[in-house]
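What follows is a single structure, written as structure tokens, with notes after it.
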Amino acid sequence: MSDENELVLIADDDPTIRKVMRAALEKDGFRAIVAADGVTAVKAFIENPPALVLLDVEMPAMDGFTACAKIRSLPGGTSVPIVMVTGREDIEAVNDAYNAGATDFIAKPINWPILAHRVRYILRASSDYQRLRRSEAKNEALLDAIPDTFVVLTTDGDAQAFVPGNLEHPLPMPVDRANNVVDFLPGPIARLWLTSMQKVVATGQQQRVEFALPRENASGQVYYEGRFLPYVEGQTLILVSDISARKKAELQIHKLAYYDTLTSLPNREFFRRQLAQMINRARDKEAQVAVLYVDLDDFKRINDTLGHTFGDGVLSAISERLAGCLRSSQPDTARSDGGLGIARLGGDEFAAAIEQFEDEEVLTKIAHRLRKQLRQPVRFGGHEFVVTPSIGIAIYPNDGDNVEDLLKNADAAMYQAKGAGRNSVRFYSGTMTVQSLQRLELESGLRKAVQDEDFELHYQPKLDLATGRLAGVEALLRWKREEGYVPPSNFIPLAEETGLIMPLSDWVLRTACLQAHDWQVKFDRSPRIAVNISSKQFFQSDLRKTVMQTLFETGTKPSLLELELTESILMRDIRETIETLEYLKDTGVTLAIDDFGTGYSSLSYLKRFPLDALKIDRSFVKDLAANNDDAAICAAIIAMAHQLSLVVIAEGVETAEQAEFLQSQGCDQVQGFLFAKPMPAEQLEAEYLQAVSSKASIDSAS
């Protein structure tokens with residue numbers, strides 16, 4: 001079947017996602033129709049039946065689950081592939097999708113370059129499955145009418161008749177004077193036949209059994225099904241079919257359901273099932289089971305910098321290394337008699353279940369062996385990486401007497417390992433439950449705060465080193481709760497993990513633009529406001545459209561806005577990034593690279609990007625007075641940036657010695673506690689925009 005020009009129905013309430021998804025599919029030869037909600041999607045399916053349906057989970061009027069179930073009830077809806085597009089990564093959401101009749105699901109954020117390939121794969125798999133169903137139906141009818149092999153057994157087990165049929169792998173045949181099943185079948189199979197025959201004689205009911213025999217002159221086994229039927233008195237009719245093809249298909253289905261497609265490791269569902277069996281065995285024997293929860297440190301940085309396709313390749317290499325480590329034959333691995341080995345739970349998270357181990361020291365050795373293995377550089381795609389793990393360990397029954405509690409507490413221990421500096425191992429302790437609850441409470445509060453827009457922007461001045469005048473401000477997000485301000489280092493990473501960074505980033509951009517417009521109206525001038533752009537905001541939304549729409553709706557001049565981007569953003573997709581930045585720069589928006597020197601790029605790359613400013617990371621400024629290397633790095637950055645006509649800003653300036661050195665090297669602007677802390681808009685107005693003094697003077701961007 002050719003999937004060229006196949007019609008795809010796209011249902012999503014986000015117009016941008018609909019547009020991008022449609023463009024991605026049409027670019028690869030598909031046709032597409034779109035719907036903004038579940039009701040419209042069902043109507044579109046009836047009017048113009050597609051070859052495949054892409055349904056967003058959360059839509060107005062009718063959600064994706066309901067729309068999926070509705071389409072399945074329509075004529076033609078039972079066989080069409082339906083793919084759920086969801087940002088919810090929990091197992092319950094996946095189960096809900098399959099319960100509603102979904103064929104597959106795609107997780108948000110969508111990997112746009114491979115979307116069309118994924119759709120094409122699902123279409124072809126569905127076509128192959130339908131052909132297989134039709135073929136199996138025909139074969140089943142044929143086998144019912146013409147069984148492969150006939151055998152008639154007496155109550156003593158003698159074969160009175162044997163018609164071999166046309167089996168590709170025929171059964172062993174009786175020979176002269178050896179026509180009893182114990183003579184021509186292996187012992188266990190002969191006993192199975194005799195037992196089944198006796199049940200038929202005793203009950204008069206049909207019996208079905210499956211058995212396997214070694215292939216003749218080849219490796220592997222042949223699988224058969226035997227149907228035992230009442231025949232004449234004292235005899236049983238046996239119809240034998242070769243079911244090897246069916247067994248192979250069942251094995252493939254099992255692999256799809258219980259194994260990760262990227263790494264071929266067991267997936268979360270398989271791991272949970274096996275762990276439950278281990279716990280049951282341990283409960284009967286009053287033994288222990290340990291769960292090692294492994295998370296790769298800072299793996300997100302590889303994805304953000306080089307892309308998810310590259311990250312998948314590194315993940316695959318790492319998973320092989322982890323699996324090989326747990327297959328080790330060394331005595332202290334506890335794997336000779338028990339243990340599940342490594343499983344991929346999702347993303348960059350892995351887990352192993354260990355049983356029949358002597359003590360915690362054994363688990364510690366296993367964990368440190370994993371760390372040692374990962375310390376070896378991973379080479380992929382011409383790059384070399386060192387990926388370290390944070391490992392948490394929980395033990396049944398003390399740390400949990402069921403699958404959910406054991407996994408939850410191992411996860412909590414893993415987060416404790418991350419909090420201890422990463423690349424470390426921690427055993428679960430009861431205090432971690434409190435920390436997990438605190439994190440859950442923080443996430444709940446953050447979600448509510450995002451929904452209610454319960455945040456503040458504080459503004460930290462950037463001063464011109466030569467004149468002392470206000471050169472601009474940086475907008476910094478603040479979240480105040482009843483107990484006080486929450487440190488950004490606590491809630492910003494949480495927002496990144498949960499996907500809340502997208503609406504949060506949009507709120508910061510809009511609020512900063514509104515403030516710039518307000519200052520322009522009140523004082524006829526405004527400092528340029530710098531806003532940090534997250535990688536998700538840059539790549540998972542149309543940043544050009546977002547910025548332009550925000551400027552238009554707030555009435556803000558583009559010259560009053562500066563966007564600060566990290567090196568990881570610049571280096572991820574250089575061509576796409578340059579196009580976006582050139583568009584923004586042409587509109588009058590100022591562009592700066594933030595935290596320079598901490599990522600993968602170098603000054604030689606900067607000439608490729610249409611940047612206006614460079615911010616030296618505070619880690620280089622901190623020890624300027626005591627560290628000659630940092631001083632040399634800062635001097636080199638300033639000199640080379642000026643050669644590229646970039647304004648140089650040093651952040652984190654806290655001492656007069658730092659300021660004097662930066663001024664001696666020609667640094668243009670400084671930002672730090674030595675001059676001013678981040679402050680609310682009202683305070684900045686009073687100290688910099690209303691006061692009549694040299695400190696109040698401003699390099700207006702208007």
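Labeling convention for the structure tokens: chains A, B, ... as they appear, residues from 1 per chain, ligands from 1 in order of appearance.
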
Q | Secondary structure check, strand (DSSP E) residues of range 81-282 of chain A, as number ranges by chain | A | A: 82-86, 104-107, 149-154, 159-163, 207-214, 221-230, 235-242

Keeping N, CA and C atoms for every residue in the selection just given, could you write it to a file as a tab-separated table (two decimals), in the first residue's frame?
chain	number	residue	atom	x	y	z
A	82	ILE	N	-6.12	5.46	15.05
A	82	ILE	CA	-6.37	6.70	15.81
A	82	ILE	C	-5.20	6.90	16.75
A	83	VAL	N	-4.52	8.04	16.62
A	83	VAL	CA	-3.33	8.34	17.42
A	83	VAL	C	-3.65	9.51	18.34
A	84	MET	N	-3.47	9.31	19.64
A	84	MET	CA	-3.71	10.37	20.62
A	84	MET	C	-2.44	11.20	20.78
A	85	VAL	N	-2.60	12.53	20.78
A	85	VAL	CA	-1.49	13.45	20.97
A	85	VAL	C	-1.65	14.07	22.34
A	86	THR	N	-0.74	13.75	23.26
A	86	THR	CA	-0.95	14.15	24.65
A	86	THR	C	0.32	14.69	25.26
A	104	ASP	N	-2.38	4.21	18.95
A	104	ASP	CA	-1.06	4.58	19.44
A	104	ASP	C	-1.18	5.98	20.03
A	105	PHE	N	-0.08	6.50	20.56
A	105	PHE	CA	-0.08	7.87	21.06
A	105	PHE	C	1.26	8.52	20.76
A	106	ILE	N	1.22	9.86	20.65
A	106	ILE	CA	2.42	10.67	20.44
A	106	ILE	C	2.48	11.68	21.57
A	107	ALA	N	3.63	11.76	22.22
A	107	ALA	CA	3.77	12.66	23.37
A	107	ALA	C	4.20	14.05	22.92
A	149	THR	N	-3.26	-32.29	10.36
A	149	THR	CA	-2.90	-33.68	10.65
A	149	THR	C	-4.02	-34.34	11.45
A	150	PHE	N	-4.38	-35.60	11.04
A	150	PHE	CA	-5.37	-36.41	11.76
A	150	PHE	C	-4.64	-37.50	12.53
A	151	VAL	N	-5.00	-37.64	13.78
A	151	VAL	CA	-4.50	-38.78	14.56
A	151	VAL	C	-5.68	-39.36	15.32
A	152	VAL	N	-5.85	-40.70	15.27
A	152	VAL	CA	-6.87	-41.37	16.06
A	152	VAL	C	-6.17	-42.21	17.11
A	153	LEU	N	-6.46	-41.92	18.40
A	153	LEU	CA	-5.83	-42.64	19.51
A	153	LEU	C	-6.84	-43.53	20.22
A	154	THR	N	-6.34	-44.68	20.64
A	154	THR	CA	-7.16	-45.53	21.51
A	154	THR	C	-6.90	-45.12	22.96
A	159	ALA	N	-1.83	-45.23	18.11
A	159	ALA	CA	-2.30	-44.46	16.97
A	159	ALA	C	-2.92	-45.41	15.95
A	160	GLN	N	-4.26	-45.44	15.88
A	160	GLN	CA	-4.96	-46.30	14.94
A	160	GLN	C	-4.94	-45.71	13.54
A	161	ALA	N	-4.82	-44.39	13.44
A	161	ALA	CA	-4.75	-43.72	12.14
A	161	ALA	C	-3.85	-42.49	12.29
A	162	PHE	N	-3.11	-42.19	11.22
A	162	PHE	CA	-2.22	-41.03	11.26
A	162	PHE	C	-2.12	-40.48	9.85
A	163	VAL	N	-2.75	-39.34	9.60
A	163	VAL	CA	-2.72	-38.69	8.28
A	163	VAL	C	-1.93	-37.40	8.44
A	207	GLN	N	-10.83	-30.89	24.17
A	207	GLN	CA	-9.67	-30.35	24.88
A	207	GLN	C	-8.71	-29.72	23.86
A	208	ARG	N	-8.11	-28.59	24.25
A	208	ARG	CA	-7.11	-27.94	23.40
A	208	ARG	C	-5.80	-27.84	24.17
A	209	VAL	N	-4.70	-28.18	23.53
A	209	VAL	CA	-3.39	-28.06	24.16
A	209	VAL	C	-2.41	-27.48	23.14
A	210	GLU	N	-1.38	-26.82	23.65
A	210	GLU	CA	-0.30	-26.32	22.82
A	210	GLU	C	1.00	-26.98	23.26
A	211	PHE	N	1.85	-27.29	22.31
A	211	PHE	CA	3.13	-27.91	22.64
A	211	PHE	C	4.14	-27.53	21.56
A	212	ALA	N	5.41	-27.73	21.87
A	212	ALA	CA	6.47	-27.36	20.94
A	212	ALA	C	7.45	-28.52	20.79
A	213	LEU	N	7.98	-28.65	19.58
A	213	LEU	CA	8.98	-29.68	19.28
A	213	LEU	C	10.17	-29.02	18.59
A	214	PRO	N	11.38	-29.53	18.79
A	214	PRO	CA	12.55	-28.96	18.11
A	214	PRO	C	12.42	-29.11	16.60
A	221	GLN	N	12.23	-23.90	17.72
A	221	GLN	CA	11.14	-24.84	17.94
A	221	GLN	C	9.98	-24.58	16.99
A	222	VAL	N	9.17	-25.61	16.80
A	222	VAL	CA	7.92	-25.50	16.06
A	222	VAL	C	6.78	-25.62	17.07
A	223	TYR	N	5.83	-24.71	16.98
A	223	TYR	CA	4.70	-24.70	17.92
A	223	TYR	C	3.46	-25.30	17.25
A	224	TYR	N	2.76	-26.16	18.01
A	224	TYR	CA	1.57	-26.83	17.50
A	224	TYR	C	0.41	-26.62	18.47
A	225	GLU	N	-0.78	-26.74	17.89
A	225	GLU	CA	-2.00	-26.80	18.70
A	225	GLU	C	-2.68	-28.13	18.40
A	226	GLY	N	-3.04	-28.85	19.45
A	226	GLY	CA	-3.77	-30.10	19.28
A	226	GLY	C	-5.18	-29.98	19.83
A	227	ARG	N	-6.19	-30.32	18.99
A	227	ARG	CA	-7.59	-30.32	19.44
A	227	ARG	C	-8.05	-31.78	19.58
A	228	PHE	N	-8.40	-32.18	20.79
A	228	PHE	CA	-8.81	-33.55	21.11
A	228	PHE	C	-10.34	-33.61	21.14
A	229	LEU	N	-10.91	-34.44	20.26
A	229	LEU	CA	-12.37	-34.50	20.10
A	229	LEU	C	-12.89	-35.92	20.34
A	230	PRO	N	-14.07	-36.05	20.94
A	230	PRO	CA	-14.67	-37.40	21.07
A	230	PRO	C	-14.87	-38.01	19.68
A	235	GLN	N	-12.10	-44.32	21.35
A	235	GLN	CA	-11.12	-43.66	20.50
A	235	GLN	C	-11.31	-42.13	20.57
A	236	THR	N	-10.22	-41.41	20.36
A	236	THR	CA	-10.23	-39.94	20.36
A	236	THR	C	-9.59	-39.44	19.08
A	237	LEU	N	-10.24	-38.42	18.45
A	237	LEU	CA	-9.70	-37.81	17.23
A	237	LEU	C	-8.89	-36.57	17.63
A	238	ILE	N	-7.68	-36.50	17.08
A	238	ILE	CA	-6.80	-35.35	17.37
A	238	ILE	C	-6.50	-34.63	16.06
A	239	LEU	N	-6.77	-33.33	16.04
A	239	LEU	CA	-6.46	-32.48	14.88
A	239	LEU	C	-5.30	-31.58	15.28
A	240	VAL	N	-4.18	-31.65	14.56
A	240	VAL	CA	-2.97	-30.92	14.93
A	240	VAL	C	-2.68	-29.84	13.89
A	241	SER	N	-2.45	-28.61	14.36
A	241	SER	CA	-2.14	-27.47	13.48
A	241	SER	C	-0.80	-26.87	13.87
A	242	ASP	N	-0.08	-26.39	12.88
A	242	ASP	CA	1.17	-25.66	13.11
A	242	ASP	C	0.81	-24.20	13.42

Q: Name all residues at most 8 Å from Ala625 in chain A (count only C-alpha atoms; drop same-chain ones fewer than 4 positions away) and give them as a list in words.
A: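 Here the qualifying residues turn out to be Ala631, Glu657 and Gln658 of chain A.
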
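Between CA of Leu52 in chain A and CA of Gly311 in chain A the interatomic distance comes to 28.5 Å.
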
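Between CA of Phe673 in chain A and CA of Asp518 in chain A there is a distance of 25.9 Å.
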
Q) What does the distance between CA of Thr103 in chain A and CA of Ser319 in chain A come to in Å, to one decimal place? A)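 One can read the CA of Thr103 in chain A to CA of Ser319 in chain A distance as 27.0 Å.
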